[in-house]
Amino acid sequence: MAKLTLEIEDEYAFAAFGIVSTSRSHRLCWMINKSLSLELKRSADIQIFSKSKASRHHAFFSFFDENLQVRYRLIENKKGVSLFLPEIKNADFLLIIDLSDEVEGNSIIEKLRATGSVLMAFEIDLDLLKLKQNILLAA
């Protein structure tokens, strides 16, 4: 009898960008709001538990654009020694954008880089991440 193998590929309907900045989360949020014409607002922090059961709170900002039907989320990746996405050690913040035909990834990176408090911005390859489900915590 032939043996069939079912392979399931996860498909995520969002794009992720890493941001390196020395600014505090609220200041960076304000700068991103100005440069991308968004209205990101502080939401309840995301709580992450380590293997030793210690918890860390990561700042979380969100905005839903009614016209484009796109959700934007800004998450503090580094909080002390805690990382929201451990695979992305060099990003201080993560910008998660629901995929849409109206949102162009390259223009987002250019606008982020033009922001005065952003030292570096880059797109994150979701296929390389092991803990993609952490992003779903912020959904």
# chains A, B, ... in the order shown; residues from 1 in each chain; ligands from 1

call {"tool": "select_by_dssp", "arguments": {"residues": "chain A", "states": "alpha helix (DSSP H)", "output": "list in words"}}
result
Ser25, His26, Arg27, Leu28, Cys29, Trp30, Met31, Ile32, Asn33, Lys34, Ser35, Leu36, Gly105, Asn106, Ser107, Ile108, Ile109, Glu110, Lys111, Leu112, Arg113, Ala114, Gln133, Asn134, Ile135, Leu136 and Leu137 of chain A

call {"tool": "residues_around", "arguments": {"residues": "region 12-20 of chain A", "least_positions_apart": "5", "cutoff": "10 Å", "atoms": "only C-alpha atoms", "output": "tab-separated table (two decimals) with all heavy atoms, in the first residue's frame"}}
result
chain	number	residue	atom	x	y	z
A	28	LEU	N	9.33	56.63	19.36
A	28	LEU	CA	9.41	55.97	18.05
A	28	LEU	C	8.02	55.87	17.43
A	28	LEU	O	7.84	56.10	16.24
A	28	LEU	CB	10.06	54.60	18.16
A	28	LEU	CG	10.16	53.82	16.85
A	28	LEU	CD1	11.12	54.51	15.88
A	28	LEU	CD2	10.58	52.40	17.10
A	70	VAL	N	-6.34	47.58	6.67
A	70	VAL	CA	-5.01	47.08	7.03
A	70	VAL	C	-4.75	47.38	8.50
A	70	VAL	O	-5.03	48.47	8.97
A	70	VAL	CB	-3.92	47.73	6.16
A	70	VAL	CG1	-2.54	47.29	6.60
A	70	VAL	CG2	-4.13	47.40	4.69
A	71	ARG	N	-4.20	46.39	9.19
A	71	ARG	CA	-3.85	46.57	10.60
A	71	ARG	C	-2.34	46.71	10.73
A	71	ARG	O	-1.59	45.94	10.14
A	71	ARG	CB	-4.34	45.39	11.42
A	71	ARG	CG	-4.12	45.58	12.89
A	71	ARG	CD	-4.92	44.59	13.67
A	71	ARG	NE	-4.69	44.84	15.08
A	71	ARG	CZ	-4.66	43.91	15.99
A	71	ARG	NH1	-4.89	42.66	15.64
A	71	ARG	NH2	-4.45	44.21	17.23
A	72	TYR	N	-1.92	47.69	11.53
A	72	TYR	CA	-0.51	47.95	11.81
A	72	TYR	C	-0.26	47.69	13.28
A	72	TYR	O	-1.06	48.08	14.13
A	72	TYR	CB	-0.17	49.42	11.51
A	72	TYR	CG	-0.35	49.81	10.07
A	72	TYR	CD1	-1.60	50.19	9.58
A	72	TYR	CD2	0.72	49.82	9.19
A	72	TYR	CE1	-1.77	50.56	8.25
A	72	TYR	CE2	0.56	50.19	7.86
A	72	TYR	CZ	-0.69	50.57	7.41
A	72	TYR	OH	-0.85	50.92	6.10
A	73	ARG	N	0.87	47.02	13.58
A	73	ARG	CA	1.24	46.76	14.97
A	73	ARG	C	2.72	47.06	15.15
A	73	ARG	O	3.55	46.63	14.36
A	73	ARG	CB	0.97	45.30	15.32
A	73	ARG	CG	-0.51	44.95	15.28
A	73	ARG	CD	-0.70	43.49	15.31
A	73	ARG	NE	-0.21	42.94	14.05
A	73	ARG	CZ	-0.68	41.86	13.48
A	73	ARG	NH1	-1.61	41.17	14.05
A	73	ARG	NH2	-0.20	41.42	12.35
A	74	LEU	N	3.04	47.79	16.20
A	74	LEU	CA	4.41	48.08	16.57
A	74	LEU	C	4.67	47.40	17.90
A	74	LEU	O	3.95	47.64	18.87
A	74	LEU	CB	4.65	49.59	16.68
A	74	LEU	CG	6.04	50.03	17.09
A	74	LEU	CD1	7.06	49.68	16.00
A	74	LEU	CD2	6.07	51.53	17.36
A	75	ILE	N	5.68	46.53	17.94
A	75	ILE	CA	5.97	45.73	19.14
A	75	ILE	C	7.42	45.98	19.54
A	75	ILE	O	8.32	45.96	18.71
A	75	ILE	CB	5.76	44.23	18.86
A	75	ILE	CG1	4.35	43.97	18.35
A	75	ILE	CG2	6.05	43.40	20.10
A	75	ILE	CD1	4.14	42.59	17.77
A	76	GLU	N	7.60	46.19	20.82
A	76	GLU	CA	8.95	46.34	21.36
A	76	GLU	C	9.59	44.95	21.40
A	76	GLU	O	9.12	44.07	22.11
A	76	GLU	CB	8.84	46.92	22.77
A	76	GLU	CG	10.13	47.19	23.46
A	76	GLU	CD	9.92	47.77	24.84
A	76	GLU	OE1	8.94	47.38	25.52
A	76	GLU	OE2	10.72	48.60	25.23
A	77	ASN	N	10.63	44.75	20.61
A	77	ASN	CA	11.27	43.44	20.55
A	77	ASN	C	12.21	43.21	21.73
A	77	ASN	O	12.23	42.13	22.30
A	77	ASN	CB	12.04	43.28	19.23
A	77	ASN	CG	12.54	41.87	19.01
A	77	ASN	OD1	11.81	40.90	19.24
A	77	ASN	ND2	13.76	41.74	18.58
A	88	ILE	N	15.46	37.42	15.99
A	88	ILE	CA	15.76	38.76	15.48
A	88	ILE	C	16.42	39.55	16.60
A	88	ILE	O	15.81	40.41	17.22
A	88	ILE	CB	14.47	39.46	14.97
A	88	ILE	CG1	13.67	38.55	14.06
A	88	ILE	CG2	14.82	40.76	14.25
A	88	ILE	CD1	14.37	38.16	12.78
A	89	LYS	N	17.66	39.26	16.86
A	89	LYS	CA	18.39	39.87	17.98
A	89	LYS	C	18.76	41.32	17.74
A	89	LYS	O	18.92	42.09	18.67
A	89	LYS	CB	19.64	39.07	18.28
A	89	LYS	CG	19.39	37.71	18.87
A	89	LYS	CD	20.70	36.98	19.12
A	89	LYS	CE	20.56	35.70	19.86
A	89	LYS	NZ	19.72	34.69	19.40
A	90	ASN	N	18.92	41.72	16.46
A	90	ASN	CA	19.38	43.07	16.19
A	90	ASN	C	18.26	44.10	16.09
A	90	ASN	O	18.53	45.29	16.05
A	90	ASN	CB	20.25	43.10	14.92
A	90	ASN	CG	19.52	42.55	13.72
A	90	ASN	OD1	18.49	41.91	13.84
A	90	ASN	ND2	20.08	42.76	12.55
A	91	ALA	N	17.00	43.71	16.08
A	91	ALA	CA	15.89	44.65	15.98
A	91	ALA	C	15.40	45.04	17.37
A	91	ALA	O	15.15	44.19	18.22
A	91	ALA	CB	14.74	44.05	15.18
A	92	ASP	N	15.28	46.34	17.59
A	92	ASP	CA	14.74	46.84	18.85
A	92	ASP	C	13.22	46.81	18.84
A	92	ASP	O	12.58	46.63	19.87
A	92	ASP	CB	15.22	48.27	19.10
A	92	ASP	CG	16.73	48.35	19.24
A	92	ASP	OD1	17.29	47.57	20.04
A	92	ASP	OD2	17.34	49.20	18.56
A	93	PHE	N	12.63	47.01	17.65
A	93	PHE	CA	11.18	47.04	17.49
A	93	PHE	C	10.79	46.25	16.25
A	93	PHE	O	11.60	46.06	15.34
A	93	PHE	CB	10.68	48.48	17.35
A	93	PHE	CG	10.94	49.32	18.56
A	93	PHE	CD1	12.11	50.04	18.69
A	93	PHE	CD2	10.01	49.38	19.59
A	93	PHE	CE1	12.36	50.80	19.80
A	93	PHE	CE2	10.24	50.15	20.71
A	93	PHE	CZ	11.43	50.86	20.82
A	94	LEU	N	9.54	45.82	16.22
A	94	LEU	CA	8.99	45.11	15.07
A	94	LEU	C	7.74	45.85	14.60
A	94	LEU	O	6.89	46.22	15.41
A	94	LEU	CB	8.59	43.69	15.46
A	94	LEU	CG	9.68	42.83	16.08
A	94	LEU	CD1	9.08	41.57	16.66
A	94	LEU	CD2	10.73	42.49	15.05
A	95	LEU	N	7.65	46.07	13.30
A	95	LEU	CA	6.45	46.64	12.72
A	95	LEU	C	5.79	45.54	11.90
A	95	LEU	O	6.38	45.02	10.96
A	95	LEU	CB	6.77	47.85	11.84
A	95	LEU	CG	5.59	48.53	11.18
A	95	LEU	CD1	4.67	49.15	12.23
A	95	LEU	CD2	6.04	49.61	10.20
A	96	ILE	N	4.58	45.16	12.30
A	96	ILE	CA	3.84	44.09	11.62
A	96	ILE	C	2.69	44.74	10.86
A	96	ILE	O	1.90	45.49	11.44
A	96	ILE	CB	3.26	43.08	12.64
A	96	ILE	CG1	4.32	42.65	13.67
A	96	ILE	CG2	2.64	41.90	11.93
A	96	ILE	CD1	5.52	41.96	13.10
A	97	ILE	N	2.59	44.44	9.57
A	97	ILE	CA	1.55	45.02	8.73
A	97	ILE	C	0.81	43.90	8.02
A	97	ILE	O	1.43	43.06	7.37
A	97	ILE	CB	2.15	45.98	7.67
A	97	ILE	CG1	2.97	47.08	8.36
A	97	ILE	CG2	1.06	46.59	6.81
A	97	ILE	CD1	3.72	47.97	7.41
A	98	ASP	N	-0.52	43.89	8.16
A	98	ASP	CA	-1.32	42.91	7.42
A	98	ASP	C	-1.11	43.14	5.93
A	98	ASP	O	-1.04	44.28	5.47
A	98	ASP	CB	-2.80	43.07	7.77
A	98	ASP	CG	-3.11	42.65	9.19
A	98	ASP	OD1	-2.24	42.04	9.84
A	98	ASP	OD2	-4.22	42.94	9.66
A	99	LEU	N	-1.00	42.07	5.19
A	99	LEU	CA	-0.75	42.19	3.75
A	99	LEU	C	-1.95	42.78	3.03
A	99	LEU	O	-3.10	42.45	3.32
A	99	LEU	CB	-0.40	40.84	3.16
A	99	LEU	CG	0.93	40.25	3.60
A	99	LEU	CD1	1.17	38.92	2.93
A	99	LEU	CD2	2.07	41.19	3.29
A	100	SER	N	-1.63	43.65	2.11
A	100	SER	CA	-2.65	44.31	1.32
A	100	SER	C	-2.02	44.73	0.00
A	100	SER	O	-0.81	44.97	-0.08
A	100	SER	CB	-3.18	45.54	2.05
A	100	SER	OG	-3.98	46.32	1.21
A	103	VAL	N	-0.37	48.28	0.31
A	103	VAL	CA	0.83	48.53	1.10
A	103	VAL	C	2.04	47.95	0.38
A	103	VAL	O	2.09	46.77	0.09
A	103	VAL	CB	0.69	47.90	2.51
A	103	VAL	CG1	1.96	48.10	3.30
A	103	VAL	CG2	-0.50	48.50	3.25
A	105	GLY	N	5.97	47.14	0.54
A	105	GLY	CA	7.02	46.91	1.52
A	105	GLY	C	8.22	47.81	1.36
A	105	GLY	O	8.77	48.33	2.34
A	108	ILE	N	7.59	51.31	2.60
A	108	ILE	CA	7.55	51.33	4.07
A	108	ILE	C	8.97	51.42	4.62
A	108	ILE	O	9.26	52.24	5.50
A	108	ILE	CB	6.84	50.08	4.62
A	108	ILE	CG1	5.38	50.03	4.19
A	108	ILE	CG2	6.97	49.99	6.13
A	108	ILE	CD1	4.48	51.03	4.83
A	109	ILE	N	9.87	50.61	4.09
A	109	ILE	CA	11.26	50.62	4.55
A	109	ILE	C	11.91	51.97	4.29
A	109	ILE	O	12.60	52.53	5.15
A	109	ILE	CB	12.06	49.47	3.89
A	109	ILE	CG1	11.57	48.13	4.43
A	109	ILE	CG2	13.56	49.63	4.16
A	109	ILE	CD1	12.19	46.94	3.78
A	112	LEU	N	10.55	54.45	6.78
A	112	LEU	CA	11.09	54.19	8.11
A	112	LEU	C	12.53	54.68	8.21
A	112	LEU	O	12.93	55.30	9.21
A	112	LEU	CB	11.02	52.70	8.44
A	112	LEU	CG	9.65	52.12	8.76
A	112	LEU	CD1	9.73	50.61	8.90
A	112	LEU	CD2	9.08	52.73	10.03
A	113	ARG	N	13.32	54.42	7.18
A	113	ARG	CA	14.72	54.85	7.19
A	113	ARG	C	14.84	56.36	7.18
A	113	ARG	O	15.81	56.92	7.70
A	113	ARG	CB	15.46	54.25	5.99
A	113	ARG	CG	15.72	52.78	6.14
A	113	ARG	CD	16.42	52.20	4.94
A	113	ARG	NE	16.66	50.77	5.12
A	113	ARG	CZ	16.94	49.94	4.14
A	113	ARG	NH1	17.03	50.38	2.90
A	113	ARG	NH2	17.13	48.67	4.39
A	117	SER	N	14.66	59.00	14.01
A	117	SER	CA	15.07	58.15	15.14
A	117	SER	C	15.31	56.70	14.74
A	117	SER	O	15.67	55.89	15.58
A	117	SER	CB	14.02	58.22	16.24
A	117	SER	OG	12.78	57.76	15.77
A	118	VAL	N	15.12	56.35	13.48
A	118	VAL	CA	15.35	54.98	13.01
A	118	VAL	C	16.74	54.88	12.42
A	118	VAL	O	17.09	55.58	11.48
A	118	VAL	CB	14.29	54.55	11.97
A	118	VAL	CG1	14.63	53.20	11.37
A	118	VAL	CG2	12.91	54.52	12.60
A	119	LEU	N	17.57	54.04	13.03
A	119	LEU	CA	18.93	53.85	12.54
A	119	LEU	C	18.98	52.87	11.38
A	119	LEU	O	19.78	53.01	10.46
A	119	LEU	CB	19.83	53.35	13.68
A	119	LEU	CG	19.89	54.25	14.91
A	119	LEU	CD1	20.67	53.58	16.02
A	119	LEU	CD2	20.48	55.59	14.54
A	120	MET	N	18.11	51.84	11.43
A	120	MET	CA	18.08	50.82	10.39
A	120	MET	C	16.68	50.21	10.35
A	120	MET	O	16.03	50.05	11.39
A	120	MET	CB	19.11	49.74	10.67
A	120	MET	CG	19.24	48.72	9.56
A	120	MET	SD	20.63	47.58	9.76
A	120	MET	CE	20.03	46.52	11.04
A	121	ALA	N	16.23	49.87	9.15
A	121	ALA	CA	14.96	49.18	8.97
A	121	ALA	C	15.15	48.11	7.90
A	121	ALA	O	15.85	48.32	6.92
A	121	ALA	CB	13.86	50.15	8.55
A	122	PHE	N	14.56	46.95	8.13
A	122	PHE	CA	14.72	45.84	7.20
A	122	PHE	C	13.49	44.94	7.27
A	122	PHE	O	12.79	44.89	8.27
A	122	PHE	CB	15.99	45.04	7.52
A	122	PHE	CG	16.06	44.53	8.93
A	122	PHE	CD1	15.59	43.27	9.25
A	122	PHE	CD2	16.58	45.32	9.94
A	122	PHE	CE1	15.64	42.80	10.56
A	122	PHE	CE2	16.64	44.87	11.26
A	122	PHE	CZ	16.18	43.61	11.56
A	123	GLU	N	13.25	44.23	6.16
A	123	GLU	CA	12.14	43.28	6.12
A	123	GLU	C	12.60	41.95	6.69
A	123	GLU	O	13.73	41.52	6.46
A	123	GLU	CB	11.64	43.10	4.69
A	123	GLU	CG	10.33	42.33	4.63
A	123	GLU	CD	9.60	42.50	3.32
A	123	GLU	OE1	10.11	43.17	2.42
A	123	GLU	OE2	8.49	41.94	3.22
A	124	ILE	N	11.73	41.32	7.45
A	124	ILE	CA	12.04	40.05	8.10
A	124	ILE	C	11.46	38.92	7.26
A	124	ILE	O	10.27	38.95	6.90
A	124	ILE	CB	11.46	40.01	9.52
A	124	ILE	CG1	12.12	41.10	10.37
A	124	ILE	CG2	11.65	38.64	10.16
A	124	ILE	CD1	11.47	41.31	11.72
A	125	ASP	N	12.28	37.94	6.95
A	125	ASP	CA	11.83	36.76	6.21
A	125	ASP	C	11.13	35.82	7.20
A	125	ASP	O	11.77	35.21	8.05
A	125	ASP	CB	13.01	36.07	5.55
A	125	ASP	CG	12.59	34.92	4.66
A	125	ASP	OD1	11.37	34.65	4.53
A	125	ASP	OD2	13.48	34.27	4.08
A	126	LEU	N	9.82	35.71	7.09
A	126	LEU	CA	9.04	34.92	8.04
A	126	LEU	C	9.33	33.43	7.95
A	126	LEU	O	9.12	32.70	8.92
A	126	LEU	CB	7.54	35.18	7.83
A	126	LEU	CG	7.08	36.61	8.12
A	126	LEU	CD1	5.63	36.78	7.73
A	126	LEU	CD2	7.30	36.96	9.57
A	127	ASP	N	9.82	32.98	6.81
A	127	ASP	CA	10.13	31.55	6.66
A	127	ASP	C	11.31	31.12	7.54
A	127	ASP	O	11.44	29.95	7.86
A	127	ASP	CB	10.45	31.23	5.19
A	127	ASP	CG	9.23	31.38	4.31
A	127	ASP	OD1	8.10	31.19	4.81
A	127	ASP	OD2	9.39	31.71	3.12
A	132	LYS	N	7.14	32.12	14.95
A	132	LYS	CA	6.19	33.00	14.28
A	132	LYS	C	4.91	33.18	15.08
A	132	LYS	O	4.24	34.19	14.99
A	132	LYS	CB	5.83	32.44	12.90
A	132	LYS	CG	6.94	32.50	11.91
A	132	LYS	CD	6.50	31.88	10.61
A	132	LYS	CE	7.26	30.63	10.47
A	132	LYS	NZ	7.41	30.03	9.24
A	133	GLN	N	4.60	32.19	15.90
A	133	GLN	CA	3.37	32.26	16.67
A	133	GLN	C	3.39	33.39	17.68
A	133	GLN	O	2.33	33.85	18.10
A	133	GLN	CB	3.05	30.91	17.36
A	133	GLN	CG	4.01	30.54	18.47
A	133	GLN	CD	5.20	29.74	17.99
A	133	GLN	OE1	5.50	29.70	16.81
A	133	GLN	NE2	5.90	29.13	18.91
A	135	ILE	N	4.13	36.39	17.00
A	135	ILE	CA	3.49	37.50	16.29
A	135	ILE	C	1.98	37.35	16.35
A	135	ILE	O	1.25	38.33	16.46
A	135	ILE	CB	3.99	37.59	14.84
A	135	ILE	CG1	5.49	37.92	14.83
A	135	ILE	CG2	3.22	38.62	14.05
A	135	ILE	CD1	6.13	37.89	13.47
A	136	LEU	N	1.51	36.11	16.32
A	136	LEU	CA	0.06	35.89	16.40
A	136	LEU	C	-0.50	36.28	17.76
A	136	LEU	O	-1.69	36.53	17.89
A	136	LEU	CB	-0.27	34.43	16.08
A	136	LEU	CG	0.11	33.99	14.65
A	136	LEU	CD1	-0.18	32.51	14.49
A	136	LEU	CD2	-0.59	34.80	13.62

call {"tool": "select_by_dssp", "arguments": {"residues": "chain A", "states": "strand (DSSP E)", "output": "mmCIF file with N, CA and C atoms, in the first residue's frame"}}
result
data_model
loop_
_atom_site.group_PDB
_atom_site.id
_atom_site.type_symbol
_atom_site.label_atom_id
_atom_site.label_comp_id
_atom_site.auth_asym_id
_atom_site.auth_seq_id
_atom_site.Cartn_x
_atom_site.Cartn_y
_atom_site.Cartn_z
ATOM 1 N N PHE A 14 0.727 38.584 6.792
ATOM 2 C CA PHE A 14 1.308 39.837 7.255
ATOM 3 C C PHE A 14 2.773 39.913 6.842
ATOM 4 N N ALA A 15 3.286 41.127 6.858
ATOM 5 C CA ALA A 15 4.698 41.377 6.606
ATOM 6 C C ALA A 15 5.303 41.919 7.890
ATOM 7 N N ALA A 16 6.553 41.582 8.146
ATOM 8 C CA ALA A 16 7.218 42.025 9.370
ATOM 9 C C ALA A 16 8.483 42.802 9.008
ATOM 10 N N PHE A 17 8.693 43.893 9.727
ATOM 11 C CA PHE A 17 9.857 44.739 9.521
ATOM 12 C C PHE A 17 10.579 44.923 10.845
ATOM 13 N N GLY A 18 11.892 44.813 10.816
ATOM 14 C CA GLY A 18 12.706 45.058 11.994
ATOM 15 C C GLY A 18 13.159 46.502 11.998
ATOM 16 N N ILE A 19 13.167 47.106 13.183
ATOM 17 C CA ILE A 19 13.569 48.504 13.324
ATOM 18 C C ILE A 19 14.631 48.591 14.411
ATOM 19 N N VAL A 20 15.744 49.241 14.086
ATOM 20 C CA VAL A 20 16.786 49.500 15.076
ATOM 21 C C VAL A 20 16.693 50.983 15.424
ATOM 22 N N LYS A 41 -1.662 53.634 18.460
ATOM 23 C CA LYS A 41 -1.953 53.986 19.845
ATOM 24 C C LYS A 41 -1.533 52.843 20.746
ATOM 25 N N ARG A 42 -1.144 53.197 21.956
ATOM 26 C CA ARG A 42 -0.689 52.200 22.928
ATOM 27 C C ARG A 42 -1.845 51.280 23.301
ATOM 28 N N ILE A 46 2.209 43.181 25.775
ATOM 29 C CA ILE A 46 2.217 41.745 25.528
ATOM 30 C C ILE A 46 3.121 41.102 26.569
ATOM 31 N N GLN A 47 2.610 40.091 27.231
ATOM 32 C CA GLN A 47 3.370 39.421 28.284
ATOM 33 C C GLN A 47 3.964 38.126 27.737
ATOM 34 N N ILE A 48 5.277 37.982 27.892
ATOM 35 C CA ILE A 48 6.012 36.802 27.439
ATOM 36 C C ILE A 48 6.623 36.118 28.665
ATOM 37 N N PHE A 49 6.498 34.798 28.715
ATOM 38 C CA PHE A 49 7.079 34.027 29.813
ATOM 39 C C PHE A 49 8.326 33.304 29.333
ATOM 40 N N SER A 55 8.248 36.616 33.739
ATOM 41 C CA SER A 55 7.478 37.272 32.683
ATOM 42 C C SER A 55 8.065 38.642 32.368
ATOM 43 N N ARG A 56 7.949 39.019 31.120
ATOM 44 C CA ARG A 56 8.379 40.329 30.634
ATOM 45 C C ARG A 56 7.220 40.929 29.856
ATOM 46 N N HIS A 57 7.098 42.232 29.969
ATOM 47 C CA HIS A 57 6.053 42.954 29.240
ATOM 48 C C HIS A 57 6.700 43.760 28.123
ATOM 49 N N HIS A 58 6.222 43.563 26.905
ATOM 50 C CA HIS A 58 6.723 44.282 25.742
ATOM 51 C C HIS A 58 5.665 45.287 25.302
ATOM 52 N N PHE A 60 3.263 47.580 23.182
ATOM 53 C CA PHE A 60 2.484 47.201 22.008
ATOM 54 C C PHE A 60 1.619 48.377 21.578
ATOM 55 N N PHE A 61 1.705 48.732 20.291
ATOM 56 C CA PHE A 61 0.913 49.813 19.709
ATOM 57 C C PHE A 61 0.190 49.246 18.494
ATOM 58 N N SER A 62 -1.038 49.692 18.256
ATOM 59 C CA SER A 62 -1.775 49.167 17.106
ATOM 60 C C SER A 62 -2.639 50.246 16.477
ATOM 61 N N PHE A 63 -2.969 50.016 15.205
ATOM 62 C CA PHE A 63 -3.840 50.914 14.449
ATOM 63 C C PHE A 63 -4.477 50.119 13.320
ATOM 64 N N PHE A 64 -5.784 50.300 13.135
ATOM 65 C CA PHE A 64 -6.493 49.666 12.024
ATOM 66 C C PHE A 64 -6.949 50.753 11.069
ATOM 67 N N ASP A 65 -6.467 50.707 9.831
ATOM 68 C CA ASP A 65 -6.834 51.676 8.800
ATOM 69 C C ASP A 65 -8.134 51.209 8.152
ATOM 70 N N VAL A 70 -6.337 47.579 6.672
ATOM 71 C CA VAL A 70 -5.015 47.076 7.026
ATOM 72 C C VAL A 70 -4.750 47.378 8.496
ATOM 73 N N ARG A 71 -4.197 46.394 9.193
ATOM 74 C CA ARG A 71 -3.852 46.573 10.600
ATOM 75 C C ARG A 71 -2.343 46.713 10.735
ATOM 76 N N TYR A 72 -1.920 47.688 11.531
ATOM 77 C CA TYR A 72 -0.512 47.951 11.808
ATOM 78 C C TYR A 72 -0.258 47.692 13.281
ATOM 79 N N ARG A 73 0.870 47.020 13.576
ATOM 80 C CA ARG A 73 1.244 46.758 14.971
ATOM 81 C C ARG A 73 2.722 47.062 15.153
ATOM 82 N N LEU A 74 3.037 47.787 16.203
ATOM 83 C CA LEU A 74 4.410 48.077 16.571
ATOM 84 C C LEU A 74 4.667 47.397 17.901
ATOM 85 N N ILE A 75 5.682 46.529 17.942
ATOM 86 C CA ILE A 75 5.971 45.734 19.135
ATOM 87 C C ILE A 75 7.418 45.978 19.545
ATOM 88 N N GLU A 76 7.604 46.191 20.822
ATOM 89 C CA GLU A 76 8.950 46.339 21.364
ATOM 90 C C GLU A 76 9.591 44.948 21.399
ATOM 91 N N LYS A 78 12.972 44.227 22.109
ATOM 92 C CA LYS A 78 13.936 44.099 23.211
ATOM 93 C C LYS A 78 13.396 44.778 24.460
ATOM 94 N N LYS A 79 13.309 44.016 25.519
ATOM 95 C CA LYS A 79 12.921 44.537 26.827
ATOM 96 C C LYS A 79 13.888 43.943 27.841
ATOM 97 N N SER A 82 15.029 40.222 27.604
ATOM 98 C CA SER A 82 13.963 39.477 26.936
ATOM 99 C C SER A 82 13.813 39.936 25.485
ATOM 100 N N LEU A 83 13.603 38.983 24.587
ATOM 101 C CA LEU A 83 13.354 39.265 23.178
ATOM 102 C C LEU A 83 11.998 38.700 22.793
ATOM 103 N N PHE A 93 12.634 47.007 17.655
ATOM 104 C CA PHE A 93 11.183 47.037 17.495
ATOM 105 C C PHE A 93 10.791 46.246 16.252
ATOM 106 N N LEU A 94 9.539 45.824 16.221
ATOM 107 C CA LEU A 94 8.987 45.110 15.074
ATOM 108 C C LEU A 94 7.743 45.852 14.601
ATOM 109 N N LEU A 95 7.649 46.069 13.304
ATOM 110 C CA LEU A 95 6.447 46.640 12.718
ATOM 111 C C LEU A 95 5.794 45.537 11.903
ATOM 112 N N ILE A 96 4.581 45.161 12.297
ATOM 113 C CA ILE A 96 3.839 44.093 11.624
ATOM 114 C C ILE A 96 2.691 44.744 10.858
ATOM 115 N N ILE A 97 2.594 44.437 9.566
ATOM 116 C CA ILE A 97 1.550 45.024 8.728
ATOM 117 C C ILE A 97 0.814 43.902 8.022
ATOM 118 N N ASP A 98 -0.517 43.886 8.155
ATOM 119 C CA ASP A 98 -1.316 42.913 7.423
ATOM 120 C C ASP A 98 -1.111 43.140 5.931
ATOM 121 N N MET A 120 18.109 51.844 11.431
ATOM 122 C CA MET A 120 18.075 50.824 10.389
ATOM 123 C C MET A 120 16.678 50.214 10.347
ATOM 124 N N ALA A 121 16.232 49.871 9.152
ATOM 125 C CA ALA A 121 14.959 49.178 8.969
ATOM 126 C C ALA A 121 15.152 48.106 7.904
ATOM 127 N N PHE A 122 14.555 46.947 8.134
ATOM 128 C CA PHE A 122 14.718 45.837 7.201
ATOM 129 C C PHE A 122 13.491 44.937 7.268
ATOM 130 N N GLU A 123 13.252 44.227 6.160
ATOM 131 C CA GLU A 123 12.136 43.280 6.115
ATOM 132 C C GLU A 123 12.598 41.949 6.694
ATOM 133 N N ILE A 124 11.731 41.317 7.450
ATOM 134 C CA ILE A 124 12.040 40.045 8.098
ATOM 135 C C ILE A 124 11.456 38.919 7.260
#

call {"tool": "atom_distance", "arguments": {"atom1": "CA of Lys51 (chain A)", "atom2": "CA of Arg24 (chain A)"}}
result
26.8 Å
